[in-house]
Amino acid sequence: MISEKMLSFMERASWIRKMFEEGARLKKLHGAENVLDFSLGNPDIPPPEVFDEALLEEAKKTGPWVHSYMQNAGYEDVRKAISLQVKEDHKKQPFPSHIIMTCGAAGGLNCIFKAILNEGDEVIVPSPYFVEYGFYVDNHGGRLVPVETMDDFSLDLNAIKEAITDKTKAVLINSPNNPTGVIYDRDRLKGLASILKEKGFELNARIYLISDEPYRRLVFDNETVPSLFDLYEDTIITTSFSKDLSIPGERIGYIAINPDCRDADLISGAMTLANRILGFVNAPALMQRTVKRVIGRRVDVSIYEKRRNLFAQILSDAGLDFVMPKGAFYFFPKCPIEDDREFASILQEELILTVPGSGFGRPGHIRIAFCVGEDVIERSQHGFKRAVEKVTN
């Protein structure tokens, strides 16, 4: 018999399994080409040519040490190159010893939580949030504490302040956000930093700010994602190359610690050990060498922006209310009825697959991923209209 905890997790994640099962059933029944699948955030744009060229050249290398073990934190030359990019993103350059190459941002988050959490510690997260966060925190004895955002999904600073207790170890943010596409603005982030400093002093505690940033380079309308290292010293960044290079299956990312972070050497050492003992050991060698050569590059974001604009018109015409995403590749519109799962089921009758917002901690919404072809988006127009009409007429 499997563990009771995993059985509970499987039950909590059952809506995801149901989505997959329904999608497979519909595709088998109607043909995959006739099912309009907006359920998964799986980037469909090919990687940039420079990535393909770098990968092929690195794959051709041979020798006795090409595929050998390395330092658990990753190749030193790769971490030096990453530190320069982090300086560009966050205005301060971390020491290469404070960069840990990881198996994607998910691997990075698990290393961070393994390093900083004691049993019963709490991690505050603005809601809606990526569904796996709760599992990652629980993996290491912590408890996720969701806090509602404002109606436009911006940070509710008062709510975050009220949620901080003597058990709070970190606040976790994700900007651009999955599932809303919202970018948290600099003024509110400054406000958040002030709150963490104030509450940390009041509680005589260290409260970390953890930023999960896989969508940092997928932004629209000339928006920028604010830097964080100059706002709050105890900041830890984790990210991946999954979305900006369209290589999610390669599982490559990194952690970067603010050079002003207290006990940065100790934290880095703990996360490096976590990288090893959690079973990752080190990030994939071939991918480390490859991404070093294309740091700062990204896919053609204008393709996603064009799709976003097309989808925005379709959703507006259907009568759905939404906050225009400024980054990532998701819409998170409000459902015309209270039950988001029921509305997602009604959309399935139109062969449209979406994800209920309940899975992201915000019922009454659905998540729509627009990392699909324009033709798929265009063919959804009438289905969205009919679904809304079914529940409003």
# chains A, B, ... in the order shown; residues from 1 in each chain; ligands from 1
$ residues_around --residues "A:His90" --least-positions-apart "6" --cutoff "8 Å" --atoms "only C-alpha atoms" --output "VMD selection string"
chain A and resid 226 to 230
$ residues_around --residues "A:Val294" --least-positions-apart "5" --cutoff "8 Å" --atoms "only C-alpha atoms" --output "list in words"
Val50, Phe51 and Ala54 of chain A
$ closest_atom_pairs --of "stretch 38-72 of chain A" --to "stretch 351-365 of chain A" --cutoff "9 Å" --atoms "only C-alpha atoms" --output "Markdown table"
| residue | atom | partner | partner_atom | distance |
| --- | --- | --- | --- | --- |
| A:Phe38 | CA | A:Thr354 | CA | 5.3 |
| A:Ser39 | CA | A:Thr354 | CA | 4.6 |
| A:Leu40 | CA | A:Thr354 | CA | 8.3 |
$ closest_residue --among "A:Leu84, A:His382, A:Ile252, A:Asn204" --to "A:Phe280" --atoms "only C-alpha atoms"
A:Ile252
$ closest_residue --among "A:Ala369, A:Ala387, A:Leu315, A:Ile303" --to "A:Glu342" --atoms "only C-alpha atoms"
A:Ala387
$ residues_around --residues "A:Asp52" --least-positions-apart "5" --cutoff "10 Å" --atoms "only C-alpha atoms" --output "VMD selection string"
chain A and resid 46 to 47 57 to 58 290 294
$ closest_residue --among "A:Gln348, A:Asn393, A:Gln288, A:Thr165" --to "A:Ala59" --atoms "only C-alpha atoms"
A:Gln288
$ closest_residue --among "A:Val301, A:Ile236, A:Ser211, A:Ala285" --to "A:Ala256" --atoms "only C-alpha atoms"
A:Ile236
$ residues_around --residues "stretch 161-163 of chain A" --least-positions-apart "2" --cutoff "8 Å" --atoms "only C-alpha atoms" --output "PyMOL selection string"
chain A and resi 124+145+147+157-159+165+195+199
$ closest_residue --among "A:Pro43, A:Pro96, A:Gly181, A:Gly63" --to "A:Asn258" --atoms "only C-alpha atoms"
A:Pro96
$ closest_atom_pairs --of "stretch 184-222 of chain A" --to "stretch 325-339 of chain A" --cutoff "8 Å" --atoms "only C-alpha atoms" --output "JSON lines"
{"residue": "A:Tyr215", "atom": "CA", "partner": "A:Ala328", "partner_atom": "CA", "distance": 5.4}
{"residue": "A:Arg216", "atom": "CA", "partner": "A:Gly327", "partner_atom": "CA", "distance": 7.8}
{"residue": "A:Leu218", "atom": "CA", "partner": "A:Ala328", "partner_atom": "CA", "distance": 5.3}
{"residue": "A:Val219", "atom": "CA", "partner": "A:Gly327", "partner_atom": "CA", "distance": 4.0}
{"residue": "A:Phe220", "atom": "CA", "partner": "A:Lys326", "partner_atom": "CA", "distance": 5.4}
{"residue": "A:Asp221", "atom": "CA", "partner": "A:Lys326", "partner_atom": "CA", "distance": 7.2}
$ write_last_selection --atoms "C-alpha atoms" --output "CSV table (one decimal), in the first residue's frame"
chain,number,residue,atom,x,y,z
A,215,TYR,CA,8.9,33.6,-17.4
A,216,ARG,CA,11.1,36.7,-16.8
A,218,LEU,CA,8.5,36.3,-21.8
A,219,VAL,CA,7.0,39.8,-21.5
A,220,PHE,CA,4.8,41.9,-23.8
A,221,ASP,CA,4.2,45.6,-24.6
$ select_by_dssp --residues "stretch 59-300 of chain A" --states "alpha helix (DSSP H)" --output "PyMOL selection string"
chain A and resi 59+76-90+104-116+133-139+157-163+186-203+264-277+285-292
$ atom_distance --atom1 "atom CA of A:Cys111" --atom2 "atom CA of A:Thr272"
7.6 Å
$ closest_residue --among "A:Asn72, A:Ser268, A:Asn110, A:Ser3" --to "A:Pro94" --atoms "only C-alpha atoms"
A:Ser268
$ select_by_dssp --residues "stretch 146-391 of chain A" --states "strand (DSSP E or B)" --output "mmCIF file with C-alpha atoms, in the first residue's frame"
data_model
loop_
_atom_site.group_PDB
_atom_site.id
_atom_site.type_symbol
_atom_site.label_atom_id
_atom_site.label_comp_id
_atom_site.auth_asym_id
_atom_site.auth_seq_id
_atom_site.Cartn_x
_atom_site.Cartn_y
_atom_site.Cartn_z
ATOM 1 C CA PRO A 146 -1.882 31.179 0.337
ATOM 2 C CA VAL A 147 -2.825 34.853 0.586
ATOM 3 C CA GLU A 148 -5.396 36.429 -1.722
ATOM 4 C CA THR A 168 6.923 32.469 8.568
ATOM 5 C CA LYS A 169 10.215 31.550 6.897
ATOM 6 C CA ALA A 170 9.676 32.935 3.406
ATOM 7 C CA VAL A 171 7.408 34.698 0.963
ATOM 8 C CA LEU A 172 7.358 33.060 -2.470
ATOM 9 C CA ILE A 173 6.474 35.115 -5.545
ATOM 10 C CA ASN A 174 6.210 34.211 -9.227
ATOM 11 C CA TYR A 208 13.418 35.204 2.890
ATOM 12 C CA LEU A 209 11.967 36.524 -0.344
ATOM 13 C CA ILE A 210 12.036 33.735 -2.921
ATOM 14 C CA SER A 211 11.337 34.608 -6.543
ATOM 15 C CA ASP A 212 10.453 31.909 -9.077
ATOM 16 C CA VAL A 219 6.989 39.817 -21.492
ATOM 17 C CA THR A 235 16.381 37.432 -1.628
ATOM 18 C CA ILE A 236 16.897 34.126 -3.427
ATOM 19 C CA ILE A 237 16.119 33.771 -7.122
ATOM 20 C CA THR A 238 15.405 30.550 -8.943
ATOM 21 C CA THR A 239 14.615 30.192 -12.610
ATOM 22 C CA SER A 240 14.949 27.925 -15.598
ATOM 23 C CA GLY A 253 17.932 26.122 -14.370
ATOM 24 C CA TYR A 254 19.727 27.792 -11.487
ATOM 25 C CA ILE A 255 19.516 29.429 -8.073
ATOM 26 C CA ALA A 256 21.098 32.833 -7.395
ATOM 27 C CA ILE A 257 21.591 34.304 -3.925
ATOM 28 C CA ASP A 321 -13.845 39.233 -18.070
ATOM 29 C CA GLY A 327 3.902 38.154 -19.551
ATOM 30 C CA TYR A 330 -1.712 32.323 -19.906
ATOM 31 C CA PHE A 331 -5.106 33.972 -19.551
ATOM 32 C CA LYS A 334 -13.385 34.937 -14.600
ATOM 33 C CA ILE A 352 -12.099 23.127 -25.579
ATOM 34 C CA LEU A 353 -9.726 22.039 -22.800
ATOM 35 C CA VAL A 355 -7.871 24.133 -16.349
ATOM 36 C CA PRO A 356 -10.198 25.078 -13.453
ATOM 37 C CA HIS A 365 -11.651 31.263 -12.968
ATOM 38 C CA ILE A 366 -10.121 29.074 -15.653
ATOM 39 C CA ARG A 367 -6.565 29.011 -16.938
ATOM 40 C CA ILE A 368 -6.025 29.126 -20.684
ATOM 41 C CA ALA A 369 -2.550 28.458 -22.099
#
$ atom_distance --atom1 "atom CA of A:Ala193" --atom2 "atom CA of A:Tyr232"
5.6 Å
$ atom_distance --atom1 "atom CA of A:Leu286" --atom2 "atom CA of A:Gln71"
14.4 Å
$ residues_around --residues "A:Asp166" --least-positions-apart "2" --cutoff "8 Å" --atoms "only C-alpha atoms" --output "PyMOL selection string"
chain A and resi 164+168+203+205
$ write_last_selection --atoms "N, CA and C atoms" --output "compact mmCIF listing (two decimals), in the first residue's frame"
# COMPACT_ATOMS: atom_id res chain seq x y z
N ILE A 164 1.86 37.08 8.15
CA ILE A 164 3.18 36.77 8.70
C ILE A 164 3.08 36.49 10.20
N THR A 168 6.68 32.12 9.97
CA THR A 168 6.92 32.47 8.57
C THR A 168 8.42 32.43 8.27
N LEU A 203 9.88 40.36 14.81
CA LEU A 203 9.87 38.96 15.25
C LEU A 203 11.27 38.42 15.54
N ALA A 205 13.49 37.64 13.33
CA ALA A 205 13.51 36.46 12.47
C ALA A 205 14.04 36.84 11.08
